[in-house]
Amino acid sequence: MTRFAIIGAGLSGLACAHELVNAGHQVTLFDKGRGPGGRMSTRRVATPAGEACFDHGAQFFTARDPRFQTLVAELMAKGAVALWDSSRVRRGKDGTTSPLFDEPIYVGTPGMNGLVRGLAEGLNVRWGQRVSSVEGRPGAWMLALETGAAEGPFEAVICAIPAEQVDALLGTPAPAQAQAANKVRSVPCWAGLFAFDARLPLTWGLARFDDHPVIDVISATLDKPGRTGPAAYVVHARSDWSTRHLEDSADEVATHLLGVLAEVAGLPVEALPATLVRQAHRWRYSRVETGAGQDFIYDAGLRIGVCGDWLTAPRVESAWLSGHLLGAHLTA
Ligand SMILES: Cc1cc2nc3c(=O)[nH]c(=O)nc-3n(C[C@H](O)[C@H](O)[C@H](O)COP(=O)(O)OP(=O)(O)OC[C@H]3O[C@@H](n4cnc5c(N)ncnc54)[C@H](O)[C@@H]3O)c2cc1C
């Protein structure tokens, strides 16, 4: 039995943890978030019309790999995942719509973080604990937490966090892995979160925009399975727009994205239904442009490894596979 620390309890960290725990290892996960989600988070906002629900990171996921399909089927049976039989369209520049891809897509239930929550069940996850450094030596690694506390010793450490955050933790103990992460570039994404006291006049639940100057995707919460509450919408801005407006205030961005949402709905802003929620969330490291080109990295001498979507592709399924394959490698 090996004592593992996993930094990051997003999908990739949890996938790795499951393999290790199933093989009898002792695993402690640390995550700076207050609860499960990572980039599959769900924000809930109380309003006079009930709680509005926003999947402000990933909107949906595919299941193409048979191993991931097996997990999705298990989580569907537990009610943590559902098929999203959405009315989805591709919106052209002139506002015309055409069918978007027709492969099955899935969401966590009752919010996107349902998948991560389901996977975290039964694991030893320390939420709300940000790791600020990894110190010590192979076989006896110590984690320094932001609070000043130290955790360990751990025989092995896995880092399952976005690429841009790897260097701060592994730059000294595992420079080659930090270097691999430093070569990867992620793009930002501003997400607008809006809820109204009535539905907008949109004929689709999910739209991907071609050549729109601001918007990449809009999705309607109530079109997703298992969602209740007021009519809520998530507007994801394009990465180039998000880059140009990266340091704008959330308030400025929310105002701008609300205007664009009204335009898409064919209404002047003043004619929108009463606005119950008007927020913006900045994902500074939303998706990698090009992955590192390998499923995971593990240095058996150092007993340090990395996994996450940045190693292959910016997709839910890729994040899970990266963690799963690293766990399988460590237990082979
Ligand atoms: C706006 C947006 C839209 C997206 N849309 C889609 C989509 O439609 N379909 C799709 O398949 N994918 C989509 N994705 C990508 C998908 O969300 C990611 O690929 C996947 O969630 C990545 O999982 P991960 O475990 O690699 O990383 P994360 O989910 O980022 O998990 C990393 C975890 O590490 C924690 N952490 C970071 N640093 C520390 C630290 N120092 N100490 C402790 N904890 C730490 C974080 O809190 C986080 O929980 C989208 C992502 C974004 C942001």
# chains A, B, ... in the order shown; residues from 1 in each chain; ligands from 1
$ residues_around --residues "segment 116-125 of chain A" --least-positions-apart "2" --cutoff "9 Å" --atoms "only C-alpha atoms" --output "PyMOL selection string"
chain A and resi 9-11+14-15+17-18+21+27-31+35-38+40-41+75+78-81+108+112-114+127
$ residues_around --residues "segment 290-306 of chain A" --least-positions-apart "4" --cutoff "10 Å" --atoms "only C-alpha atoms" --output "number ranges by chain"
A: 4-7, 12-13, 137-141, 154-163, 166, 170, 173-174, 176-178, 180-186, 310-314, 318-319, 321-327, 329-330
$ closest_residue --among "A:Leu115, A:Ala58, A:Cys307, A:Ala191" --to "Asp251 of chain A" --atoms "only C-alpha atoms"
A:Ala191
$ atom_distance --atom1 "atom CA of Arg315 of chain A" --atom2 "atom CA of Arg278 of chain A"
27.1 Å
$ residues_around --residues "Pro99 of chain A" --least-positions-apart "6" --cutoff "8 Å" --atoms "only C-alpha atoms" --output "ChimeraX atom specification"
/A:88-90
$ write_last_selection --atoms "all heavy atoms" --output "PDB file, in the first residue's frame"
ATOM      1  N   ARG A  88     -30.453  21.432 -30.382  1.00  0.00           N
ATOM      2  CA  ARG A  88     -29.188  22.159 -30.519  1.00  0.00           C
ATOM      3  C   ARG A  88     -28.960  22.602 -31.954  1.00  0.00           C
ATOM      4  O   ARG A  88     -29.287  21.870 -32.895  1.00  0.00           O
ATOM      5  CB  ARG A  88     -28.027  21.313 -30.030  1.00  0.00           C
ATOM      6  CG  ARG A  88     -28.003  19.929 -30.610  1.00  0.00           C
ATOM      7  CD  ARG A  88     -26.953  19.076 -29.939  1.00  0.00           C
ATOM      8  NE  ARG A  88     -27.513  17.870 -29.386  1.00  0.00           N
ATOM      9  CZ  ARG A  88     -26.935  16.672 -29.465  1.00  0.00           C
ATOM     10  NH1 ARG A  88     -25.769  16.537 -30.034  1.00  0.00           N
ATOM     11  NH2 ARG A  88     -27.502  15.621 -28.957  1.00  0.00           N
ATOM     12  N   VAL A  89     -28.409  23.780 -32.079  1.00  0.00           N
ATOM     13  CA  VAL A  89     -28.232  24.347 -33.419  1.00  0.00           C
ATOM     14  C   VAL A  89     -26.867  25.014 -33.547  1.00  0.00           C
ATOM     15  O   VAL A  89     -26.224  25.361 -32.555  1.00  0.00           O
ATOM     16  CB  VAL A  89     -29.311  25.419 -33.734  1.00  0.00           C
ATOM     17  CG1 VAL A  89     -30.701  24.822 -33.715  1.00  0.00           C
ATOM     18  CG2 VAL A  89     -29.214  26.592 -32.769  1.00  0.00           C
ATOM     19  N   ARG A  90     -26.468  25.189 -34.795  1.00  0.00           N
ATOM     20  CA  ARG A  90     -25.318  26.018 -35.133  1.00  0.00           C
ATOM     21  C   ARG A  90     -25.908  27.295 -35.709  1.00  0.00           C
ATOM     22  O   ARG A  90     -26.739  27.237 -36.624  1.00  0.00           O
ATOM     23  CB  ARG A  90     -24.478  25.275 -36.176  1.00  0.00           C
ATOM     24  CG  ARG A  90     -23.256  25.994 -36.640  1.00  0.00           C
ATOM     25  CD  ARG A  90     -22.464  25.105 -37.576  1.00  0.00           C
ATOM     26  NE  ARG A  90     -21.847  23.985 -36.882  1.00  0.00           N
ATOM     27  CZ  ARG A  90     -20.768  24.071 -36.102  1.00  0.00           C
ATOM     28  NH1 ARG A  90     -20.181  25.231 -35.912  1.00  0.00           N
ATOM     29  NH2 ARG A  90     -20.274  23.011 -35.515  1.00  0.00           N
TER      30      ARG A  90
END
$ atom_distance --atom1 "atom CA of Cys53 of chain A" --atom2 "atom CA of Phe194 of chain A"
9.7 Å
$ residues_around --residues "Ser219 of chain A" --least-positions-apart "2" --cutoff "10 Å" --atoms "only C-alpha atoms" --output "ChimeraX atom specification"
/A:54-56,59-60,86,88,204-208,217,221-224,232-236
$ closest_residue --among "A:Ser239, A:Gly128, A:Pro225, A:Ala195" --to "Asp85 of chain A" --atoms "only C-alpha atoms"
A:Pro225
$ residues_around --residues "Thr275 of chain A" --least-positions-apart "5" --cutoff "12 Å" --atoms "only C-alpha atoms" --output "PDB file with C-alpha atoms, in the first residue's frame"
ATOM      1  CA  THR A  47     -33.814  34.485  -6.410  1.00  0.00           C
ATOM      2  CA  PRO A  48     -37.419  35.433  -5.500  1.00  0.00           C
ATOM      3  CA  ALA A  49     -38.517  32.893  -8.155  1.00  0.00           C
ATOM      4  CA  ALA A  52     -31.323  29.592 -10.426  1.00  0.00           C
ATOM      5  CA  LEU A 193     -24.903  33.995 -16.074  1.00  0.00           C
ATOM      6  CA  PHE A 194     -28.425  35.367 -16.483  1.00  0.00           C
ATOM      7  CA  ALA A 195     -31.826  34.391 -15.090  1.00  0.00           C
ATOM      8  CA  PHE A 196     -35.222  35.913 -15.857  1.00  0.00           C
ATOM      9  CA  ASP A 197     -38.773  35.603 -14.583  1.00  0.00           C
ATOM     10  CA  ALA A 198     -39.845  34.157 -17.973  1.00  0.00           C
ATOM     11  CA  ARG A 199     -38.184  32.201 -20.769  1.00  0.00           C
ATOM     12  CA  LEU A 200     -36.567  34.058 -23.655  1.00  0.00           C
ATOM     13  CA  PRO A 230     -36.230  30.263 -13.100  1.00  0.00           C
ATOM     14  CA  ALA A 231     -35.266  30.522 -16.785  1.00  0.00           C
ATOM     15  CA  ALA A 232     -31.462  30.638 -16.629  1.00  0.00           C
ATOM     16  CA  TYR A 233     -28.948  31.032 -19.473  1.00  0.00           C
ATOM     17  CA  ALA A 254     -22.119  40.974 -17.580  1.00  0.00           C
ATOM     18  CA  THR A 255     -23.650  44.152 -19.019  1.00  0.00           C
ATOM     19  CA  LEU A 258     -26.600  40.614 -21.462  1.00  0.00           C
ATOM     20  CA  ALA A 262     -30.966  40.214 -25.854  1.00  0.00           C
ATOM     21  CA  VAL A 269     -32.509  44.985 -23.478  1.00  0.00           C
ATOM     22  CA  GLU A 270     -35.415  46.986 -21.968  1.00  0.00           C
TER      23      GLU A 270
END
$ select_by_dssp --residues "segment 97-324 of chain A" --states "strand (DSSP E or B)" --output "PDB file with N, CA and C atoms, in the first residue's frame"
ATOM      1  N   THR A  97     -30.108  29.078 -38.702  1.00  0.00           N
ATOM      2  CA  THR A  97     -29.650  27.945 -37.897  1.00  0.00           C
ATOM      3  C   THR A  97     -29.565  26.685 -38.750  1.00  0.00           C
ATOM      4  N   SER A  98     -28.613  25.834 -38.386  1.00  0.00           N
ATOM      5  CA  SER A  98     -28.496  24.527 -39.035  1.00  0.00           C
ATOM      6  C   SER A  98     -28.215  23.517 -37.929  1.00  0.00           C
ATOM      7  N   PRO A  99     -28.416  22.220 -38.206  1.00  0.00           N
ATOM      8  CA  PRO A  99     -28.230  21.237 -37.130  1.00  0.00           C
ATOM      9  C   PRO A  99     -26.785  21.205 -36.639  1.00  0.00           C
ATOM     10  N   TYR A 106     -24.149  14.390 -22.858  1.00  0.00           N
ATOM     11  CA  TYR A 106     -24.570  14.113 -21.486  1.00  0.00           C
ATOM     12  C   TYR A 106     -24.306  15.323 -20.600  1.00  0.00           C
ATOM     13  N   VAL A 107     -25.025  15.368 -19.483  1.00  0.00           N
ATOM     14  CA  VAL A 107     -24.761  16.388 -18.459  1.00  0.00           C
ATOM     15  C   VAL A 107     -24.811  15.719 -17.091  1.00  0.00           C
ATOM     16  N   GLY A 108     -24.145  16.338 -16.103  1.00  0.00           N
ATOM     17  CA  GLY A 108     -24.314  15.903 -14.725  1.00  0.00           C
ATOM     18  C   GLY A 108     -25.690  16.336 -14.256  1.00  0.00           C
ATOM     19  N   VAL A 125     -11.606  13.475   0.383  1.00  0.00           N
ATOM     20  CA  VAL A 125     -11.298  14.747  -0.286  1.00  0.00           C
ATOM     21  C   VAL A 125     -11.316  15.865   0.743  1.00  0.00           C
ATOM     22  N   ARG A 126     -10.262  16.653   0.757  1.00  0.00           N
ATOM     23  CA  ARG A 126     -10.184  17.801   1.668  1.00  0.00           C
ATOM     24  C   ARG A 126     -10.502  19.053   0.859  1.00  0.00           C
ATOM     25  N   TRP A 127     -11.786  19.447   0.863  1.00  0.00           N
ATOM     26  CA  TRP A 127     -12.213  20.626   0.098  1.00  0.00           C
ATOM     27  C   TRP A 127     -11.731  21.900   0.790  1.00  0.00           C
ATOM     28  N   VAL A 131      -3.089  23.907  -1.996  1.00  0.00           N
ATOM     29  CA  VAL A 131      -1.695  23.506  -1.767  1.00  0.00           C
ATOM     30  C   VAL A 131      -0.801  24.584  -2.360  1.00  0.00           C
ATOM     31  N   SER A 132       0.181  25.059  -1.590  1.00  0.00           N
ATOM     32  CA  SER A 132       1.041  26.116  -2.137  1.00  0.00           C
ATOM     33  C   SER A 132       2.436  25.628  -2.492  1.00  0.00           C
ATOM     34  N   SER A 133       2.876  24.488  -1.961  1.00  0.00           N
ATOM     35  CA  SER A 133       4.152  23.933  -2.437  1.00  0.00           C
ATOM     36  C   SER A 133       4.273  22.457  -2.079  1.00  0.00           C
ATOM     37  N   VAL A 134       5.162  21.791  -2.831  1.00  0.00           N
ATOM     38  CA  VAL A 134       5.466  20.373  -2.586  1.00  0.00           C
ATOM     39  C   VAL A 134       6.950  20.320  -2.226  1.00  0.00           C
ATOM     40  N   GLU A 135       7.248  19.820  -1.040  1.00  0.00           N
ATOM     41  CA  GLU A 135       8.637  19.829  -0.571  1.00  0.00           C
ATOM     42  C   GLU A 135       9.028  18.450  -0.056  1.00  0.00           C
ATOM     43  N   GLY A 136      10.325  18.240   0.121  1.00  0.00           N
ATOM     44  CA  GLY A 136      10.780  16.971   0.697  1.00  0.00           C
ATOM     45  C   GLY A 136      11.585  16.173  -0.299  1.00  0.00           C
ATOM     46  N   ARG A 137      11.348  14.859  -0.316  1.00  0.00           N
ATOM     47  CA  ARG A 137      12.126  13.981  -1.197  1.00  0.00           C
ATOM     48  C   ARG A 137      11.244  12.806  -1.606  1.00  0.00           C
ATOM     49  N   ALA A 140       8.869  10.696   0.584  1.00  0.00           N
ATOM     50  CA  ALA A 140       8.505  11.461   1.796  1.00  0.00           C
ATOM     51  C   ALA A 140       8.205  12.908   1.408  1.00  0.00           C
ATOM     52  N   TRP A 141       7.172  13.084   0.578  1.00  0.00           N
ATOM     53  CA  TRP A 141       6.794  14.430   0.137  1.00  0.00           C
ATOM     54  C   TRP A 141       5.872  15.077   1.161  1.00  0.00           C
ATOM     55  N   MET A 142       6.095  16.374   1.393  1.00  0.00           N
ATOM     56  CA  MET A 142       5.224  17.140   2.290  1.00  0.00           C
ATOM     57  C   MET A 142       4.501  18.198   1.457  1.00  0.00           C
ATOM     58  N   LEU A 143       3.232  18.423   1.749  1.00  0.00           N
ATOM     59  CA  LEU A 143       2.478  19.484   1.069  1.00  0.00           C
ATOM     60  C   LEU A 143       2.320  20.650   2.030  1.00  0.00           C
ATOM     61  N   ALA A 144       2.685  21.850   1.563  1.00  0.00           N
ATOM     62  CA  ALA A 144       2.432  23.047   2.370  1.00  0.00           C
ATOM     63  C   ALA A 144       1.105  23.625   1.901  1.00  0.00           C
ATOM     64  N   LEU A 145       0.202  23.865   2.831  1.00  0.00           N
ATOM     65  CA  LEU A 145      -1.096  24.442   2.479  1.00  0.00           C
ATOM     66  C   LEU A 145      -1.040  25.952   2.640  1.00  0.00           C
ATOM     67  N   ALA A 150       1.091  21.972   7.292  1.00  0.00           N
ATOM     68  CA  ALA A 150       1.838  21.032   6.443  1.00  0.00           C
ATOM     69  C   ALA A 150       1.155  19.680   6.530  1.00  0.00           C
ATOM     70  N   GLU A 151       1.078  18.979   5.386  1.00  0.00           N
ATOM     71  CA  GLU A 151       0.434  17.660   5.343  1.00  0.00           C
ATOM     72  C   GLU A 151       1.431  16.650   4.803  1.00  0.00           C
ATOM     73  N   GLY A 152       1.469  15.479   5.381  1.00  0.00           N
ATOM     74  CA  GLY A 152       2.354  14.444   4.882  1.00  0.00           C
ATOM     75  C   GLY A 152       2.976  13.676   6.025  1.00  0.00           C
ATOM     76  N   PRO A 153       3.992  12.875   5.778  1.00  0.00           N
ATOM     77  CA  PRO A 153       4.600  12.662   4.465  1.00  0.00           C
ATOM     78  C   PRO A 153       3.769  11.720   3.585  1.00  0.00           C
ATOM     79  N   PHE A 154       3.864  11.965   2.252  1.00  0.00           N
ATOM     80  CA  PHE A 154       3.239  11.098   1.258  1.00  0.00           C
ATOM     81  C   PHE A 154       4.345  10.434   0.443  1.00  0.00           C
ATOM     82  N   ALA A 156       3.981   9.330  -2.635  1.00  0.00           N
ATOM     83  CA  ALA A 156       3.888   9.781  -4.033  1.00  0.00           C
ATOM     84  C   ALA A 156       2.871  10.913  -4.128  1.00  0.00           C
ATOM     85  N   VAL A 157       3.085  11.796  -5.117  1.00  0.00           N
ATOM     86  CA  VAL A 157       2.202  12.960  -5.293  1.00  0.00           C
ATOM     87  C   VAL A 157       1.747  13.038  -6.746  1.00  0.00           C
ATOM     88  N   ILE A 158       0.441  13.262  -6.941  1.00  0.00           N
ATOM     89  CA  ILE A 158      -0.118  13.469  -8.286  1.00  0.00           C
ATOM     90  C   ILE A 158      -0.691  14.875  -8.335  1.00  0.00           C
ATOM     91  N   CYS A 159      -0.351  15.597  -9.390  1.00  0.00           N
ATOM     92  CA  CYS A 159      -0.858  16.959  -9.578  1.00  0.00           C
ATOM     93  C   CYS A 159      -1.910  16.910 -10.685  1.00  0.00           C
ATOM     94  N   SER A 186      -3.326  27.952 -22.368  1.00  0.00           N
ATOM     95  CA  SER A 186      -4.790  27.867 -22.289  1.00  0.00           C
ATOM     96  C   SER A 186      -5.393  29.211 -22.662  1.00  0.00           C
ATOM     97  N   VAL A 187      -6.603  29.173 -23.193  1.00  0.00           N
ATOM     98  CA  VAL A 187      -7.309  30.415 -23.513  1.00  0.00           C
ATOM     99  C   VAL A 187      -8.331  30.696 -22.411  1.00  0.00           C
ATOM    100  N   PRO A 188      -8.642  31.984 -22.191  1.00  0.00           N
ATOM    101  CA  PRO A 188      -9.649  32.302 -21.175  1.00  0.00           C
ATOM    102  C   PRO A 188     -11.062  32.246 -21.745  1.00  0.00           C
ATOM    103  N   CYS A 189     -12.027  32.271 -20.860  1.00  0.00           N
ATOM    104  CA  CYS A 189     -13.436  32.350 -21.285  1.00  0.00           C
ATOM    105  C   CYS A 189     -14.223  33.117 -20.234  1.00  0.00           C
ATOM    106  N   TRP A 190     -14.869  34.195 -20.671  1.00  0.00           N
ATOM    107  CA  TRP A 190     -15.825  34.874 -19.792  1.00  0.00           C
ATOM    108  C   TRP A 190     -17.176  34.190 -19.954  1.00  0.00           C
ATOM    109  N   ALA A 191     -17.808  33.874 -18.833  1.00  0.00           N
ATOM    110  CA  ALA A 191     -19.148  33.267 -18.873  1.00  0.00           C
ATOM    111  C   ALA A 191     -20.150  34.257 -18.281  1.00  0.00           C
ATOM    112  N   GLY A 192     -21.218  34.538 -19.022  1.00  0.00           N
ATOM    113  CA  GLY A 192     -22.299  35.384 -18.500  1.00  0.00           C
ATOM    114  C   GLY A 192     -23.387  34.487 -17.938  1.00  0.00           C
ATOM    115  N   LEU A 193     -23.874  34.813 -16.743  1.00  0.00           N
ATOM    116  CA  LEU A 193     -24.903  33.995 -16.074  1.00  0.00           C
ATOM    117  C   LEU A 193     -26.135  34.873 -15.877  1.00  0.00           C
ATOM    118  N   PHE A 194     -27.236  34.517 -16.537  1.00  0.00           N
ATOM    119  CA  PHE A 194     -28.425  35.367 -16.483  1.00  0.00           C
ATOM    120  C   PHE A 194     -29.661  34.525 -16.185  1.00  0.00           C
ATOM    121  N   ALA A 195     -30.538  35.062 -15.332  1.00  0.00           N
ATOM    122  CA  ALA A 195     -31.826  34.391 -15.090  1.00  0.00           C
ATOM    123  C   ALA A 195     -32.931  35.439 -15.153  1.00  0.00           C
ATOM    124  N   PHE A 196     -34.087  35.001 -15.645  1.00  0.00           N
ATOM    125  CA  PHE A 196     -35.222  35.913 -15.857  1.00  0.00           C
ATOM    126  C   PHE A 196     -36.486  35.302 -15.257  1.00  0.00           C
ATOM    127  N   LEU A 206     -29.420  24.758 -26.940  1.00  0.00           N
ATOM    128  CA  LEU A 206     -27.962  24.900 -27.029  1.00  0.00           C
ATOM    129  C   LEU A 206     -27.624  25.428 -28.414  1.00  0.00           C
ATOM    130  N   ALA A 207     -26.880  26.521 -28.470  1.00  0.00           N
ATOM    131  CA  ALA A 207     -26.474  27.050 -29.782  1.00  0.00           C
ATOM    132  C   ALA A 207     -24.987  27.345 -29.779  1.00  0.00           C
ATOM    133  N   ARG A 208     -24.313  26.893 -30.834  1.00  0.00           N
ATOM    134  CA  ARG A 208     -22.902  27.232 -31.045  1.00  0.00           C
ATOM    135  C   ARG A 208     -22.881  28.257 -32.174  1.00  0.00           C
ATOM    136  N   PHE A 209     -22.106  29.322 -31.982  1.00  0.00           N
ATOM    137  CA  PHE A 209     -22.138  30.427 -32.942  1.00  0.00           C
ATOM    138  C   PHE A 209     -20.926  30.390 -33.860  1.00  0.00           C
ATOM    139  N   ILE A 215     -19.823  35.847 -29.122  1.00  0.00           N
ATOM    140  CA  ILE A 215     -20.307  34.612 -28.487  1.00  0.00           C
ATOM    141  C   ILE A 215     -19.787  33.341 -29.141  1.00  0.00           C
ATOM    142  N   ASP A 216     -19.509  32.372 -28.271  1.00  0.00           N
ATOM    143  CA  ASP A 216     -19.158  31.025 -28.729  1.00  0.00           C
ATOM    144  C   ASP A 216     -20.373  30.099 -28.567  1.00  0.00           C
ATOM    145  N   VAL A 217     -20.911  30.066 -27.344  1.00  0.00           N
ATOM    146  CA  VAL A 217     -22.011  29.134 -27.038  1.00  0.00           C
ATOM    147  C   VAL A 217     -23.023  29.807 -26.113  1.00  0.00           C
ATOM    148  N   ILE A 218     -24.304  29.499 -26.320  1.00  0.00           N
ATOM    149  CA  ILE A 218     -25.338  29.867 -25.331  1.00  0.00           C
ATOM    150  C   ILE A 218     -26.106  28.593 -24.997  1.00  0.00           C
ATOM    151  N   SER A 219     -26.377  28.394 -23.707  1.00  0.00           N
ATOM    152  CA  SER A 219     -27.227  27.254 -23.366  1.00  0.00           C
ATOM    153  C   SER A 219     -28.296  27.678 -22.367  1.00  0.00           C
ATOM    154  N   ALA A 220     -29.429  26.990 -22.464  1.00  0.00           N
ATOM    155  CA  ALA A 220     -30.581  27.288 -21.607  1.00  0.00           C
ATOM    156  C   ALA A 220     -30.677  26.200 -20.548  1.00  0.00           C
ATOM    157  N   ALA A 231     -35.892  30.684 -15.465  1.00  0.00           N
ATOM    158  CA  ALA A 231     -35.266  30.522 -16.785  1.00  0.00           C
ATOM    159  C   ALA A 231     -33.853  31.094 -16.735  1.00  0.00           C
ATOM    160  N   ALA A 232     -32.862  30.210 -16.777  1.00  0.00           N
ATOM    161  CA  ALA A 232     -31.462  30.638 -16.629  1.00  0.00           C
ATOM    162  C   ALA A 232     -30.690  30.323 -17.905  1.00  0.00           C
ATOM    163  N   TYR A 233     -29.732  31.179 -18.235  1.00  0.00           N
ATOM    164  CA  TYR A 233     -28.948  31.032 -19.473  1.00  0.00           C
ATOM    165  C   TYR A 233     -27.475  31.253 -19.161  1.00  0.00           C
ATOM    166  N   VAL A 234     -26.622  30.477 -19.829  1.00  0.00           N
ATOM    167  CA  VAL A 234     -25.175  30.689 -19.724  1.00  0.00           C
ATOM    168  C   VAL A 234     -24.680  31.110 -21.100  1.00  0.00           C
ATOM    169  N   VAL A 235     -23.952  32.227 -21.140  1.00  0.00           N
ATOM    170  CA  VAL A 235     -23.402  32.741 -22.396  1.00  0.00           C
ATOM    171  C   VAL A 235     -21.883  32.647 -22.306  1.00  0.00           C
ATOM    172  N   HIS A 236     -21.265  31.827 -23.153  1.00  0.00           N
ATOM    173  CA  HIS A 236     -19.801  31.745 -23.164  1.00  0.00           C
ATOM    174  C   HIS A 236     -19.262  32.638 -24.271  1.00  0.00           C
ATOM    175  N   ALA A 237     -18.388  33.563 -23.875  1.00  0.00           N
ATOM    176  CA  ALA A 237     -17.791  34.450 -24.879  1.00  0.00           C
ATOM    177  C   ALA A 237     -16.674  33.718 -25.609  1.00  0.00           C
ATOM    178  N   THR A 275     -34.953  40.745 -14.959  1.00  0.00           N
ATOM    179  CA  THR A 275     -33.683  40.037 -14.758  1.00  0.00           C
ATOM    180  C   THR A 275     -33.504  39.709 -13.277  1.00  0.00           C
ATOM    181  N   LEU A 276     -33.362  38.414 -12.979  1.00  0.00           N
ATOM    182  CA  LEU A 276     -33.214  37.968 -11.589  1.00  0.00           C
ATOM    183  C   LEU A 276     -31.747  37.777 -11.220  1.00  0.00           C
ATOM    184  N   VAL A 277     -30.943  37.358 -12.198  1.00  0.00           N
ATOM    185  CA  VAL A 277     -29.504  37.161 -11.961  1.00  0.00           C
ATOM    186  C   VAL A 277     -28.757  37.749 -13.151  1.00  0.00           C
ATOM    187  N   ARG A 278     -27.700  38.486 -12.838  1.00  0.00           N
ATOM    188  CA  ARG A 278     -26.873  39.100 -13.893  1.00  0.00           C
ATOM    189  C   ARG A 278     -25.446  39.077 -13.366  1.00  0.00           C
ATOM    190  N   GLN A 279     -24.686  38.048 -13.754  1.00  0.00           N
ATOM    191  CA  GLN A 279     -23.326  37.878 -13.224  1.00  0.00           C
ATOM    192  C   GLN A 279     -22.390  37.468 -14.350  1.00  0.00           C
ATOM    193  N   ALA A 280     -21.089  37.615 -14.101  1.00  0.00           N
ATOM    194  CA  ALA A 280     -20.106  37.075 -15.052  1.00  0.00           C
ATOM    195  C   ALA A 280     -19.017  36.365 -14.263  1.00  0.00           C
ATOM    196  N   HIS A 281     -18.524  35.276 -14.835  1.00  0.00           N
ATOM    197  CA  HIS A 281     -17.445  34.508 -14.202  1.00  0.00           C
ATOM    198  C   HIS A 281     -16.296  34.391 -15.199  1.00  0.00           C
ATOM    199  N   ARG A 282     -15.095  34.702 -14.740  1.00  0.00           N
ATOM    200  CA  ARG A 282     -13.927  34.614 -15.629  1.00  0.00           C
ATOM    201  C   ARG A 282     -13.197  33.292 -15.407  1.00  0.00           C
ATOM    202  N   TRP A 283     -13.098  32.492 -16.474  1.00  0.00           N
ATOM    203  CA  TRP A 283     -12.242  31.302 -16.444  1.00  0.00           C
ATOM    204  C   TRP A 283     -10.923  31.735 -17.065  1.00  0.00           C
ATOM    205  N   ARG A 284      -9.939  31.963 -16.236  1.00  0.00           N
ATOM    206  CA  ARG A 284      -8.663  32.462 -16.759  1.00  0.00           C
ATOM    207  C   ARG A 284      -7.976  31.375 -17.597  1.00  0.00           C
ATOM    208  N   TYR A 285      -8.096  30.131 -17.152  1.00  0.00           N
ATOM    209  CA  TYR A 285      -7.502  29.004 -17.892  1.00  0.00           C
ATOM    210  C   TYR A 285      -8.632  28.056 -18.263  1.00  0.00           C
ATOM    211  N   SER A 286      -9.316  28.393 -19.333  1.00  0.00           N
ATOM    212  CA  SER A 286     -10.520  27.641 -19.670  1.00  0.00           C
ATOM    213  C   SER A 286     -10.189  26.342 -20.402  1.00  0.00           C
ATOM    214  N   ARG A 287      -9.504  26.457 -21.544  1.00  0.00           N
ATOM    215  CA  ARG A 287      -9.212  25.278 -22.363  1.00  0.00           C
ATOM    216  C   ARG A 287      -7.829  25.419 -22.979  1.00  0.00           C
ATOM    217  N   VAL A 288      -7.117  24.297 -23.095  1.00  0.00           N
ATOM    218  CA  VAL A 288      -5.807  24.357 -23.746  1.00  0.00           C
ATOM    219  C   VAL A 288      -5.995  24.452 -25.253  1.00  0.00           C
ATOM    220  N   ILE A 297       1.966  12.061 -17.289  1.00  0.00           N
ATOM    221  CA  ILE A 297       3.413  11.937 -17.097  1.00  0.00           C
ATOM    222  C   ILE A 297       3.621  11.413 -15.675  1.00  0.00           C
ATOM    223  N   TYR A 298       4.496  10.420 -15.528  1.00  0.00           N
ATOM    224  CA  TYR A 298       4.831   9.948 -14.178  1.00  0.00           C
ATOM    225  C   TYR A 298       6.320   9.655 -14.126  1.00  0.00           C
ATOM    226  N   ASP A 299       6.979  10.191 -13.120  1.00  0.00           N
ATOM    227  CA  ASP A 299       8.399   9.928 -12.922  1.00  0.00           C
ATOM    228  C   ASP A 299       8.527   8.948 -11.753  1.00  0.00           C
ATOM    229  N   ILE A 304       6.373  11.338  -8.636  1.00  0.00           N
ATOM    230  CA  ILE A 304       5.488  12.485  -8.875  1.00  0.00           C
ATOM    231  C   ILE A 304       4.909  12.337 -10.279  1.00  0.00           C
ATOM    232  N   GLY A 305       3.620  12.648 -10.424  1.00  0.00           N
ATOM    233  CA  GLY A 305       2.996  12.554 -11.741  1.00  0.00           C
ATOM    234  C   GLY A 305       2.019  13.693 -11.974  1.00  0.00           C
ATOM    235  N   VAL A 306       1.631  13.861 -13.240  1.00  0.00           N
ATOM    236  CA  VAL A 306       0.614  14.867 -13.586  1.00  0.00           C
ATOM    237  C   VAL A 306      -0.441  14.235 -14.484  1.00  0.00           C
TER     238      VAL A 306
END
$ closest_residue --among "A:Gly92, A:Gly308, A:Pro273, A:Gly111" --to "ligand 1" --atoms "only C-alpha atoms and all ligand atoms"
A:Gly308
